[in-house]
Amino acid sequence: MNSDKTRQFQEQLQSELTSVRHALLDELKQSSQKFASELAELLEQSSPSEWLDIAATQLNPQQYPNFQRLVKLEAALCQIDIGQFGYCCDCETQLNMHDLMADPTIQRCHSCCQKAHTD
């Protein structure tokens with residue numbers, strides 16, 4: 001993948017990451033559970049780079065879809081940083097550009113994704 005395309009994906013991912021962080025904070029603040037509002041306060045006082053570590057110990061990911069998306073976005077940005085973006089995390093083949101355009105956080109090719117879901 002060329003560097004211009006990678007940069008476009010990076011900008012798209014960064015933009016969505018900012019939106020998802022705000023949505024997660026709003027979701028936590030609006031919760032009736034005390035731990036959620038306390039967590040929102042802690043996250044606001046922390047660096048965004050620490051959010052995953054902080055929230056992972058306190059959230060049930062199935063209960064918070066914004067947290068699940070945050071994890072995927074952070075992983076995709078990490079892959080860009082290490083030069084592995086656009087490649088399957090299992091077999092390392094290049095991912096289909098159409099699939100990346102639909103969701104730039106995908107981690108696996110179709111074949112490996114099917115294998116992962118059947119195991």
# chains A, B, ... in the order shown; residues from 1 in each chain; ligands from 1

$ residues_around --residues "Tyr87 in chain A" --least-positions-apart "2" --cutoff "12 Å" --atoms "only C-alpha atoms" --output "mmCIF file with N, CA, C and O atoms, in the first residue's frame"
data_model
loop_
_atom_site.group_PDB
_atom_site.id
_atom_site.type_symbol
_atom_site.label_atom_id
_atom_site.label_comp_id
_atom_site.auth_asym_id
_atom_site.auth_seq_id
_atom_site.Cartn_x
_atom_site.Cartn_y
_atom_site.Cartn_z
ATOM 1 N N MET A 1 0.845 -1.163 0.000
ATOM 2 C CA MET A 1 0.000 0.000 0.000
ATOM 3 C C MET A 1 0.897 1.235 0.000
ATOM 4 O O MET A 1 1.884 1.278 0.724
ATOM 5 N N ALA A 76 -5.370 -0.766 14.975
ATOM 6 C CA ALA A 76 -5.100 -0.387 13.582
ATOM 7 C C ALA A 76 -4.043 0.710 13.505
ATOM 8 O O ALA A 76 -3.140 0.662 12.657
ATOM 9 N N GLN A 79 -0.719 -0.769 14.094
ATOM 10 C CA GLN A 79 -0.233 -1.466 12.904
ATOM 11 C C GLN A 79 0.374 -0.485 11.901
ATOM 12 O O GLN A 79 1.370 -0.805 11.251
ATOM 13 N N ILE A 80 -0.221 0.682 11.776
ATOM 14 C CA ILE A 80 0.358 1.700 10.887
ATOM 15 C C ILE A 80 1.741 2.085 11.402
ATOM 16 O O ILE A 80 2.707 2.157 10.639
ATOM 17 N N ILE A 82 3.900 0.419 13.081
ATOM 18 C CA ILE A 82 4.930 -0.616 12.916
ATOM 19 C C ILE A 82 5.041 -1.123 11.484
ATOM 20 O O ILE A 82 5.813 -2.036 11.211
ATOM 21 N N GLY A 83 4.257 -0.524 10.571
ATOM 22 C CA GLY A 83 4.356 -0.899 9.162
ATOM 23 C C GLY A 83 3.634 -2.175 8.781
ATOM 24 O O GLY A 83 3.911 -2.750 7.734
ATOM 25 N N GLN A 84 2.678 -2.611 9.597
ATOM 26 C CA GLN A 84 1.946 -3.837 9.310
ATOM 27 C C GLN A 84 0.497 -3.595 8.899
ATOM 28 O O GLN A 84 -0.249 -4.545 8.686
ATOM 29 N N PHE A 85 0.109 -2.348 8.753
ATOM 30 C CA PHE A 85 -1.270 -2.043 8.381
ATOM 31 C C PHE A 85 -1.557 -2.569 6.981
ATOM 32 O O PHE A 85 -0.760 -2.412 6.062
ATOM 33 N N CYS A 89 -3.106 -10.311 10.268
ATOM 34 C CA CYS A 89 -2.292 -10.530 11.470
ATOM 35 C C CYS A 89 -1.922 -11.994 11.659
ATOM 36 O O CYS A 89 -1.023 -12.306 12.445
ATOM 37 N N ASP A 90 -2.579 -12.896 10.934
ATOM 38 C CA ASP A 90 -2.273 -14.321 11.059
ATOM 39 C C ASP A 90 -1.337 -14.812 9.953
ATOM 40 O O ASP A 90 -0.273 -15.330 10.229
ATOM 41 N N CYS A 91 -1.756 -14.614 8.704
ATOM 42 C CA CYS A 91 -0.971 -15.176 7.592
ATOM 43 C C CYS A 91 -0.110 -14.132 6.878
ATOM 44 O O CYS A 91 0.675 -14.474 5.995
ATOM 45 N N GLU A 92 -0.292 -12.864 7.229
ATOM 46 C CA GLU A 92 0.486 -11.743 6.695
ATOM 47 C C GLU A 92 0.286 -11.471 5.206
ATOM 48 O O GLU A 92 1.093 -10.792 4.591
ATOM 49 N N THR A 93 -0.797 -11.989 4.622
ATOM 50 C CA THR A 93 -1.107 -11.627 3.245
ATOM 51 C C THR A 93 -1.743 -10.243 3.240
ATOM 52 O O THR A 93 -2.310 -9.792 4.244
ATOM 53 N N GLN A 94 -1.656 -9.556 2.123
ATOM 54 C CA GLN A 94 -2.228 -8.227 2.019
ATOM 55 C C GLN A 94 -3.752 -8.324 2.048
ATOM 56 O O GLN A 94 -4.352 -9.175 1.383
ATOM 57 N N LEU A 95 -4.363 -7.454 2.837
ATOM 58 C CA LEU A 95 -5.815 -7.450 2.947
ATOM 59 C C LEU A 95 -6.437 -6.808 1.717
ATOM 60 O O LEU A 95 -5.831 -5.946 1.071
ATOM 61 N N ASN A 96 -7.651 -7.201 1.430
ATOM 62 C CA ASN A 96 -8.405 -6.681 0.306
ATOM 63 C C ASN A 96 -8.702 -5.203 0.540
ATOM 64 O O ASN A 96 -9.222 -4.829 1.591
ATOM 65 N N MET A 97 -8.373 -4.354 -0.418
ATOM 66 C CA MET A 97 -8.551 -2.909 -0.278
ATOM 67 C C MET A 97 -10.029 -2.561 -0.073
ATOM 68 O O MET A 97 -10.361 -1.667 0.717
ATOM 69 N N ASP A 99 -12.229 -4.314 1.490
ATOM 70 C CA ASP A 99 -12.526 -4.618 2.891
ATOM 71 C C ASP A 99 -11.961 -3.542 3.817
ATOM 72 O O ASP A 99 -12.615 -3.133 4.777
ATOM 73 N N LEU A 100 -10.753 -3.082 3.539
ATOM 74 C CA LEU A 100 -10.156 -2.013 4.348
ATOM 75 C C LEU A 100 -10.940 -0.708 4.211
ATOM 76 O O LEU A 100 -11.080 0.029 5.190
ATOM 77 N N PRO A 104 -11.396 -0.007 8.185
ATOM 78 C CA PRO A 104 -9.929 -0.015 8.260
ATOM 79 C C PRO A 104 -9.365 -0.666 9.522
ATOM 80 O O PRO A 104 -8.159 -0.753 9.672
ATOM 81 N N THR A 105 -10.232 -1.145 10.399
ATOM 82 C CA THR A 105 -9.741 -1.806 11.610
ATOM 83 C C THR A 105 -9.678 -3.323 11.460
ATOM 84 O O THR A 105 -9.293 -3.999 12.413
ATOM 85 N N ILE A 106 -10.006 -3.836 10.279
ATOM 86 C CA ILE A 106 -9.974 -5.298 10.138
ATOM 87 C C ILE A 106 -8.546 -5.803 10.340
ATOM 88 O O ILE A 106 -7.582 -5.117 9.999
ATOM 89 N N GLN A 107 -8.447 -6.984 10.900
ATOM 90 C CA GLN A 107 -7.151 -7.547 11.240
ATOM 91 C C GLN A 107 -6.811 -8.801 10.440
ATOM 92 O O GLN A 107 -5.657 -9.195 10.397
ATOM 93 N N ARG A 108 -7.831 -9.418 9.861
ATOM 94 C CA ARG A 108 -7.608 -10.705 9.208
ATOM 95 C C ARG A 108 -8.203 -10.734 7.804
ATOM 96 O O ARG A 108 -9.213 -10.081 7.542
ATOM 97 N N CYS A 109 -7.590 -11.557 6.950
ATOM 98 C CA CYS A 109 -8.135 -11.814 5.627
ATOM 99 C C CYS A 109 -9.378 -12.712 5.802
ATOM 100 O O CYS A 109 -9.624 -13.244 6.887
ATOM 101 N N HIS A 110 -10.132 -12.890 4.736
ATOM 102 C CA HIS A 110 -11.356 -13.695 4.808
ATOM 103 C C HIS A 110 -11.067 -15.109 5.289
ATOM 104 O O HIS A 110 -11.766 -15.628 6.155
ATOM 105 N N CYS A 112 -8.513 -16.377 7.087
ATOM 106 C CA CYS A 112 -8.120 -16.447 8.500
ATOM 107 C C CYS A 112 -9.264 -16.047 9.421
ATOM 108 O O CYS A 112 -9.392 -16.574 10.531
#

$ atom_distance --atom1 "CA of Gln68 in chain A" --atom2 "CA of Leu52 in chain A"
9.9 Å

$ residues_around --residues "Leu42 in chain A" --least-positions-apart "6" --cutoff "12 Å" --atoms "only C-alpha atoms" --output "number ranges by chain"
A: 25, 28-29, 35-36, 48, 50-51, 53-55, 58

$ write_last_selection --atoms "N, CA and C atoms" --output "compact mmCIF listing (two decimals), in the first residue's frame"
# COMPACT_ATOMS: atom_id res chain seq x y z
N LEU A 25 -16.97 8.43 26.72
CA LEU A 25 -17.11 9.30 27.89
C LEU A 25 -18.57 9.65 28.13
N LEU A 28 -20.43 6.67 29.54
CA LEU A 28 -20.11 6.44 30.95
C LEU A 28 -20.76 7.48 31.85
N LYS A 29 -20.74 8.73 31.42
CA LYS A 29 -21.32 9.81 32.23
C LYS A 29 -22.84 9.66 32.38
N PHE A 35 -19.73 3.44 39.32
CA PHE A 35 -18.39 3.17 38.80
C PHE A 35 -18.18 3.80 37.43
N ALA A 36 -19.25 3.87 36.63
CA ALA A 36 -19.14 4.41 35.28
C ALA A 36 -18.82 5.91 35.32
N PRO A 48 -5.11 10.16 26.83
CA PRO A 48 -5.84 9.21 25.99
C PRO A 48 -5.05 7.93 25.69
N GLU A 50 -3.55 6.21 27.73
CA GLU A 50 -3.71 5.31 28.87
C GLU A 50 -5.13 4.74 28.99
N TRP A 51 -6.05 5.22 28.19
CA TRP A 51 -7.45 4.84 28.32
C TRP A 51 -7.69 3.35 28.25
N ASP A 53 -5.77 0.78 28.93
CA ASP A 53 -5.31 0.08 30.14
C ASP A 53 -6.23 0.37 31.32
N ILE A 54 -6.64 1.59 31.47
CA ILE A 54 -7.50 1.97 32.59
C ILE A 54 -8.88 1.32 32.45
N ALA A 55 -9.48 1.47 31.30
CA ALA A 55 -10.86 0.99 31.10
C ALA A 55 -10.95 -0.53 31.04
N GLN A 58 -11.94 -2.26 34.16
CA GLN A 58 -13.18 -1.86 34.82
C GLN A 58 -14.44 -2.04 33.98

$ select_by_dssp --residues "chain A" --states "helix (DSSP H, G or I)" --output "CSV table (one decimal) with N, CA, C and O atoms, in the first residue's frame"
chain,number,residue,atom,x,y,z
A,3,SER,N,2.1,5.2,0.5
A,3,SER,CA,2.2,6.0,1.8
A,3,SER,C,1.0,7.0,1.8
A,3,SER,O,0.5,7.3,2.9
A,4,ASP,N,0.5,7.5,0.6
A,4,ASP,CA,-0.6,8.4,0.6
A,4,ASP,C,-1.9,7.7,1.1
A,4,ASP,O,-2.6,8.3,1.9
A,5,LYS,N,-2.1,6.5,0.7
A,5,LYS,CA,-3.3,5.7,1.1
A,5,LYS,C,-3.2,5.4,2.6
A,5,LYS,O,-4.2,5.5,3.3
A,6,THR,N,-2.0,5.0,3.0
A,6,THR,CA,-1.8,4.7,4.5
A,6,THR,C,-2.1,6.0,5.3
A,6,THR,O,-2.7,5.9,6.3
A,7,ARG,N,-1.6,7.1,4.8
A,7,ARG,CA,-1.8,8.4,5.5
A,7,ARG,C,-3.3,8.7,5.6
A,7,ARG,O,-3.8,9.2,6.6
A,8,GLN,N,-4.1,8.4,4.5
A,8,GLN,CA,-5.5,8.7,4.5
A,8,GLN,C,-6.2,7.8,5.5
A,8,GLN,O,-7.1,8.2,6.3
A,9,PHE,N,-5.8,6.5,5.6
A,9,PHE,CA,-6.4,5.6,6.6
A,9,PHE,C,-6.0,6.1,8.0
A,9,PHE,O,-6.9,6.1,8.9
A,10,GLN,N,-4.8,6.6,8.2
A,10,GLN,CA,-4.4,7.0,9.5
A,10,GLN,C,-5.2,8.2,9.9
A,10,GLN,O,-5.7,8.3,11.1
A,11,GLU,N,-5.5,9.2,9.0
A,11,GLU,CA,-6.3,10.3,9.3
A,11,GLU,C,-7.7,9.9,9.7
A,11,GLU,O,-8.4,10.4,10.6
A,12,GLN,N,-8.3,9.0,8.9
A,12,GLN,CA,-9.6,8.5,9.1
A,12,GLN,C,-9.7,7.8,10.5
A,12,GLN,O,-10.7,8.0,11.2
A,13,LEU,N,-8.7,7.0,10.8
A,13,LEU,CA,-8.7,6.2,12.1
A,13,LEU,C,-8.6,7.2,13.2
A,13,LEU,O,-9.3,7.1,14.2
A,14,GLN,N,-7.7,8.2,13.1
A,14,GLN,CA,-7.5,9.2,14.2
A,14,GLN,C,-8.8,10.0,14.4
A,14,GLN,O,-9.2,10.3,15.6
A,15,SER,N,-9.5,10.4,13.3
A,15,SER,CA,-10.7,11.1,13.5
A,15,SER,C,-11.8,10.3,14.2
A,15,SER,O,-12.5,10.7,15.1
A,16,GLU,N,-11.9,9.0,13.8
A,16,GLU,CA,-12.9,8.1,14.4
A,16,GLU,C,-12.5,7.9,15.9
A,16,GLU,O,-13.4,7.8,16.7
A,17,LEU,N,-11.2,7.7,16.1
A,17,LEU,CA,-10.8,7.5,17.5
A,17,LEU,C,-11.2,8.6,18.4
A,17,LEU,O,-11.7,8.4,19.5
A,18,THR,N,-11.1,9.9,18.0
A,18,THR,CA,-11.5,11.0,18.7
A,18,THR,C,-13.0,11.0,19.0
A,18,THR,O,-13.4,11.2,20.1
A,19,SER,N,-13.8,10.6,18.0
A,19,SER,CA,-15.2,10.5,18.1
A,19,SER,C,-15.6,9.4,19.1
A,19,SER,O,-16.5,9.6,19.9
A,20,VAL,N,-15.0,8.3,19.0
A,20,VAL,CA,-15.3,7.2,19.9
A,20,VAL,C,-14.9,7.5,21.3
A,20,VAL,O,-15.6,7.1,22.2
A,21,ARG,N,-13.8,8.1,21.5
A,21,ARG,CA,-13.4,8.5,22.9
A,21,ARG,C,-14.5,9.4,23.5
A,21,ARG,O,-14.9,9.2,24.7
A,22,HIS,N,-15.0,10.4,22.7
A,22,HIS,CA,-16.0,11.3,23.3
A,22,HIS,C,-17.3,10.5,23.5
A,22,HIS,O,-18.0,10.7,24.5
A,23,ALA,N,-17.7,9.6,22.6
A,23,ALA,CA,-18.9,8.8,22.8
A,23,ALA,C,-18.8,7.9,24.0
A,23,ALA,O,-19.8,7.7,24.7
A,24,LEU,N,-17.6,7.3,24.2
A,24,LEU,CA,-17.4,6.4,25.4
A,24,LEU,C,-17.6,7.3,26.7
A,24,LEU,O,-18.3,6.8,27.6
A,25,LEU,N,-17.0,8.4,26.7
A,25,LEU,CA,-17.1,9.3,27.9
A,25,LEU,C,-18.6,9.7,28.1
A,25,LEU,O,-19.1,9.6,29.3
A,26,ASP,N,-19.3,10.0,27.1
A,26,ASP,CA,-20.7,10.4,27.2
A,26,ASP,C,-21.5,9.2,27.7
A,26,ASP,O,-22.4,9.3,28.6
A,27,GLU,N,-21.2,8.0,27.2
A,27,GLU,CA,-21.9,6.8,27.6
A,27,GLU,C,-21.7,6.5,29.1
A,27,GLU,O,-22.6,6.2,29.8
A,28,LEU,N,-20.4,6.7,29.5
A,28,LEU,CA,-20.1,6.4,30.9
A,28,LEU,C,-20.8,7.5,31.8
A,28,LEU,O,-21.3,7.2,32.9
A,29,LYS,N,-20.7,8.7,31.4
A,29,LYS,CA,-21.3,9.8,32.2
A,29,LYS,C,-22.8,9.7,32.4
A,29,LYS,O,-23.4,10.0,33.4
A,30,GLN,N,-23.5,9.1,31.4
A,30,GLN,CA,-24.9,9.0,31.4
A,30,GLN,C,-25.4,7.7,32.1
A,30,GLN,O,-26.6,7.5,32.4
A,34,LYS,N,-22.5,4.0,39.5
A,34,LYS,CA,-21.5,4.9,40.1
A,34,LYS,C,-20.1,4.7,39.5
A,34,LYS,O,-19.4,5.7,39.2
A,35,PHE,N,-19.7,3.4,39.3
A,35,PHE,CA,-18.4,3.2,38.8
A,35,PHE,C,-18.2,3.8,37.4
A,35,PHE,O,-17.1,4.2,37.1
A,36,ALA,N,-19.3,3.9,36.6
A,36,ALA,CA,-19.1,4.4,35.3
A,36,ALA,C,-18.8,5.9,35.3
A,36,ALA,O,-17.9,6.4,34.6
A,37,SER,N,-19.5,6.6,36.2
A,37,SER,CA,-19.2,8.1,36.2
A,37,SER,C,-17.8,8.3,36.8
A,37,SER,O,-17.1,9.2,36.4
A,38,GLU,N,-17.4,7.5,37.8
A,38,GLU,CA,-16.1,7.6,38.4
A,38,GLU,C,-15.0,7.3,37.3
A,38,GLU,O,-14.0,7.9,37.3
A,39,LEU,N,-15.3,6.3,36.5
A,39,LEU,CA,-14.4,5.9,35.4
A,39,LEU,C,-14.3,7.1,34.4
A,39,LEU,O,-13.2,7.4,33.9
A,40,ALA,N,-15.4,7.7,34.1
A,40,ALA,CA,-15.4,8.8,33.1
A,40,ALA,C,-14.5,9.9,33.7
A,40,ALA,O,-13.7,10.5,32.9
A,41,GLU,N,-14.6,10.2,34.9
A,41,GLU,CA,-13.8,11.2,35.6
A,41,GLU,C,-12.3,10.9,35.5
A,41,GLU,O,-11.5,11.7,35.2
A,42,LEU,N,-12.0,9.6,35.8
A,42,LEU,CA,-10.6,9.2,35.7
A,42,LEU,C,-10.1,9.3,34.3
A,42,LEU,O,-8.9,9.7,34.1
A,43,LEU,N,-10.9,8.9,33.3
A,43,LEU,CA,-10.4,9.0,31.9
A,43,LEU,C,-10.2,10.4,31.5
A,43,LEU,O,-9.2,10.7,30.8
A,44,GLU,N,-11.0,11.3,31.9
A,44,GLU,CA,-10.8,12.7,31.6
A,44,GLU,C,-9.6,13.3,32.1
A,44,GLU,O,-9.0,14.2,31.6
A,45,GLN,N,-9.1,12.7,33.3
A,45,GLN,CA,-7.9,13.2,33.9
A,45,GLN,C,-6.6,12.5,33.4
A,45,GLN,O,-5.5,12.9,33.7
A,48,PRO,N,-5.1,10.2,26.8
A,48,PRO,CA,-5.8,9.2,26.0
A,48,PRO,C,-5.0,7.9,25.7
A,48,PRO,O,-5.6,6.9,25.5
A,49,SER,N,-3.7,8.0,25.7
A,49,SER,CA,-2.9,6.8,25.4
A,49,SER,C,-3.0,5.8,26.6
A,49,SER,O,-2.7,4.6,26.4
A,50,GLU,N,-3.5,6.2,27.7
A,50,GLU,CA,-3.7,5.3,28.9
A,50,GLU,C,-5.1,4.7,29.0
A,50,GLU,O,-5.4,3.9,29.8
A,51,TRP,N,-6.0,5.2,28.2
A,51,TRP,CA,-7.4,4.8,28.3
A,51,TRP,C,-7.7,3.3,28.3
A,51,TRP,O,-8.5,2.8,29.0
A,52,LEU,N,-7.1,2.7,27.3
A,52,LEU,CA,-7.3,1.2,27.1
A,52,LEU,C,-6.9,0.5,28.4
A,52,LEU,O,-7.7,-0.4,28.9
A,53,ASP,N,-5.8,0.8,28.9
A,53,ASP,CA,-5.3,0.1,30.1
A,53,ASP,C,-6.2,0.4,31.3
A,53,ASP,O,-6.6,-0.5,32.1
A,54,ILE,N,-6.6,1.6,31.5
A,54,ILE,CA,-7.5,2.0,32.6
A,54,ILE,C,-8.9,1.3,32.5
A,54,ILE,O,-9.4,0.7,33.4
A,55,ALA,N,-9.5,1.5,31.3
A,55,ALA,CA,-10.9,1.0,31.1
A,55,ALA,C,-11.0,-0.5,31.0
A,55,ALA,O,-12.0,-1.1,31.5
A,56,ALA,N,-9.9,-1.2,30.5
A,56,ALA,CA,-10.0,-2.6,30.4
A,56,ALA,C,-10.2,-3.4,31.7
A,56,ALA,O,-10.8,-4.4,31.7
A,61,PRO,N,-16.5,-5.4,28.1
A,61,PRO,CA,-16.5,-4.9,26.7
A,61,PRO,C,-17.8,-5.2,26.0
A,61,PRO,O,-18.2,-4.3,25.1
A,62,GLN,N,-18.5,-6.3,26.3
A,62,GLN,CA,-19.8,-6.5,25.6
A,62,GLN,C,-20.8,-5.4,26.0
A,62,GLN,O,-21.8,-5.2,25.2
A,63,GLN,N,-20.7,-4.9,27.1
A,63,GLN,CA,-21.6,-3.9,27.6
A,63,GLN,C,-21.3,-2.5,27.0
A,63,GLN,O,-22.2,-1.6,27.0
A,65,PRO,N,-20.0,-1.1,23.6
A,65,PRO,CA,-19.5,-1.2,22.2
A,65,PRO,C,-18.5,-0.1,21.8
A,65,PRO,O,-17.6,-0.4,21.0
A,66,ASN,N,-18.6,1.0,22.4
A,66,ASN,CA,-17.6,2.1,22.1
A,66,ASN,C,-16.2,1.7,22.6
A,66,ASN,O,-15.2,2.0,21.9
A,67,PHE,N,-16.1,1.0,23.7
A,67,PHE,CA,-14.8,0.5,24.2
A,67,PHE,C,-14.3,-0.6,23.2
A,67,PHE,O,-13.1,-0.5,22.9
A,68,GLN,N,-15.1,-1.5,22.7
A,68,GLN,CA,-14.7,-2.5,21.7
A,68,GLN,C,-14.1,-1.8,20.5
A,68,GLN,O,-13.1,-2.2,19.9
A,69,ARG,N,-14.8,-0.7,20.0
A,69,ARG,CA,-14.3,0.0,18.8
A,69,ARG,C,-13.0,0.7,19.1
A,69,ARG,O,-12.1,0.7,18.3
A,70,LEU,N,-12.9,1.2,20.3
A,70,LEU,CA,-11.7,1.9,20.7
A,70,LEU,C,-10.5,1.0,20.6
A,70,LEU,O,-9.4,1.3,20.1
A,71,VAL,N,-10.7,-0.2,21.1
A,71,VAL,CA,-9.6,-1.3,21.0
A,71,VAL,C,-9.2,-1.5,19.6
A,71,VAL,O,-8.0,-1.5,19.2
A,72,LYS,N,-10.2,-1.7,18.7
A,72,LYS,CA,-9.9,-1.9,17.3
A,72,LYS,C,-9.2,-0.7,16.6
A,72,LYS,O,-8.2,-0.9,15.8
A,73,LEU,N,-9.6,0.4,16.9
A,73,LEU,CA,-9.0,1.6,16.4
A,73,LEU,C,-7.5,1.8,16.8
A,73,LEU,O,-6.6,2.1,16.0
A,74,GLU,N,-7.3,1.6,18.1
A,74,GLU,CA,-5.9,1.7,18.6
A,74,GLU,C,-5.0,0.6,18.0
A,74,GLU,O,-3.9,0.9,17.7
A,75,ALA,N,-5.6,-0.6,17.8
A,75,ALA,CA,-4.8,-1.7,17.2
A,75,ALA,C,-4.4,-1.3,15.7
A,75,ALA,O,-3.3,-1.5,15.3
A,76,ALA,N,-5.4,-0.8,15.0
A,76,ALA,CA,-5.1,-0.4,13.6
A,76,ALA,C,-4.0,0.7,13.5
A,76,ALA,O,-3.1,0.7,12.7
A,77,LEU,N,-4.1,1.7,14.4
A,77,LEU,CA,-3.1,2.8,14.4
A,77,LEU,C,-1.8,2.2,14.8
A,77,LEU,O,-0.7,2.7,14.3
A,78,CYS,N,-1.7,1.3,15.7
A,78,CYS,CA,-0.5,0.6,16.1
A,78,CYS,C,0.1,-0.1,14.9
A,78,CYS,O,1.3,0.0,14.6
A,79,GLN,N,-0.7,-0.8,14.1
A,79,GLN,CA,-0.2,-1.5,12.9
A,79,GLN,C,0.4,-0.5,11.9
A,79,GLN,O,1.4,-0.8,11.3
A,80,ILE,N,-0.2,0.7,11.8
A,80,ILE,CA,0.4,1.7,10.9
A,80,ILE,C,1.7,2.1,11.4
A,80,ILE,O,2.7,2.2,10.6
A,81,ASP,N,1.8,2.3,12.7
A,81,ASP,CA,3.1,2.7,13.3
A,81,ASP,C,4.2,1.7,13.1
A,81,ASP,O,5.4,2.1,12.9
A,82,ILE,N,3.9,0.4,13.1
A,82,ILE,CA,4.9,-0.6,12.9
A,82,ILE,C,5.0,-1.1,11.5
A,82,ILE,O,5.8,-2.0,11.2
A,97,MET,N,-8.4,-4.4,-0.4
A,97,MET,CA,-8.6,-2.9,-0.3
A,97,MET,C,-10.0,-2.6,-0.1
A,97,MET,O,-10.4,-1.7,0.7
A,98,HIS,N,-10.9,-3.3,-0.7
A,98,HIS,CA,-12.4,-3.0,-0.6
A,98,HIS,C,-12.8,-3.3,0.9
A,98,HIS,O,-13.5,-2.5,1.5
A,99,ASP,N,-12.2,-4.3,1.5
A,99,ASP,CA,-12.5,-4.6,2.9
A,99,ASP,C,-12.0,-3.5,3.8
A,99,ASP,O,-12.6,-3.1,4.8
A,100,LEU,N,-10.8,-3.1,3.5
A,100,LEU,CA,-10.2,-2.0,4.3
A,100,LEU,C,-10.9,-0.7,4.2
A,100,LEU,O,-11.1,0.0,5.2
A,101,MET,N,-11.4,-0.4,3.0
A,101,MET,CA,-12.2,0.8,2.8
A,101,MET,C,-13.5,0.7,3.6
A,101,MET,O,-14.0,1.7,4.2
A,102,ALA,N,-14.1,-0.5,3.7
A,102,ALA,CA,-15.3,-0.7,4.5
A,102,ALA,C,-15.1,-0.6,6.0
A,102,ALA,O,-15.9,0.0,6.7
A,110,HIS,N,-10.1,-12.9,4.7
A,110,HIS,CA,-11.4,-13.7,4.8
A,110,HIS,C,-11.1,-15.1,5.3
A,110,HIS,O,-11.8,-15.6,6.2
A,111,SER,N,-10.0,-15.7,4.8
A,111,SER,CA,-9.7,-17.1,5.1
A,111,SER,C,-9.4,-17.2,6.6
A,111,SER,O,-9.9,-18.1,7.3
A,112,CYS,N,-8.5,-16.4,7.1
A,112,CYS,CA,-8.1,-16.4,8.5
A,112,CYS,C,-9.3,-16.0,9.4
A,112,CYS,O,-9.4,-16.6,10.5
A,113,CYS,N,-10.1,-15.1,9.0
A,113,CYS,CA,-11.3,-14.7,9.8
A,113,CYS,C,-12.2,-15.9,9.9
A,113,CYS,O,-12.7,-16.2,11.0
A,114,GLN,N,-12.4,-16.7,8.9
A,114,GLN,CA,-13.3,-17.8,8.9
A,114,GLN,C,-12.7,-18.9,9.9
A,114,GLN,O,-13.4,-19.5,10.7
A,115,LYS,N,-11.4,-19.1,9.8
A,115,LYS,CA,-10.7,-20.1,10.7
A,115,LYS,C,-10.8,-19.6,12.1
A,115,LYS,O,-11.1,-20.5,13.0
A,116,ALA,N,-10.7,-18.3,12.4
A,116,ALA,CA,-10.8,-17.9,13.8
A,116,ALA,C,-12.1,-18.0,14.3
A,116,ALA,O,-12.3,-18.3,15.5
A,117,HIS,N,-13.2,-17.9,13.5
A,117,HIS,CA,-14.5,-18.1,14.0
A,117,HIS,C,-15.0,-19.5,14.2
A,117,HIS,O,-15.9,-19.8,14.9
A,118,THR,N,-14.3,-20.4,13.5
A,118,THR,CA,-14.6,-21.8,13.6
A,118,THR,C,-13.8,-22.6,14.7
A,118,THR,O,-14.2,-23.6,15.1
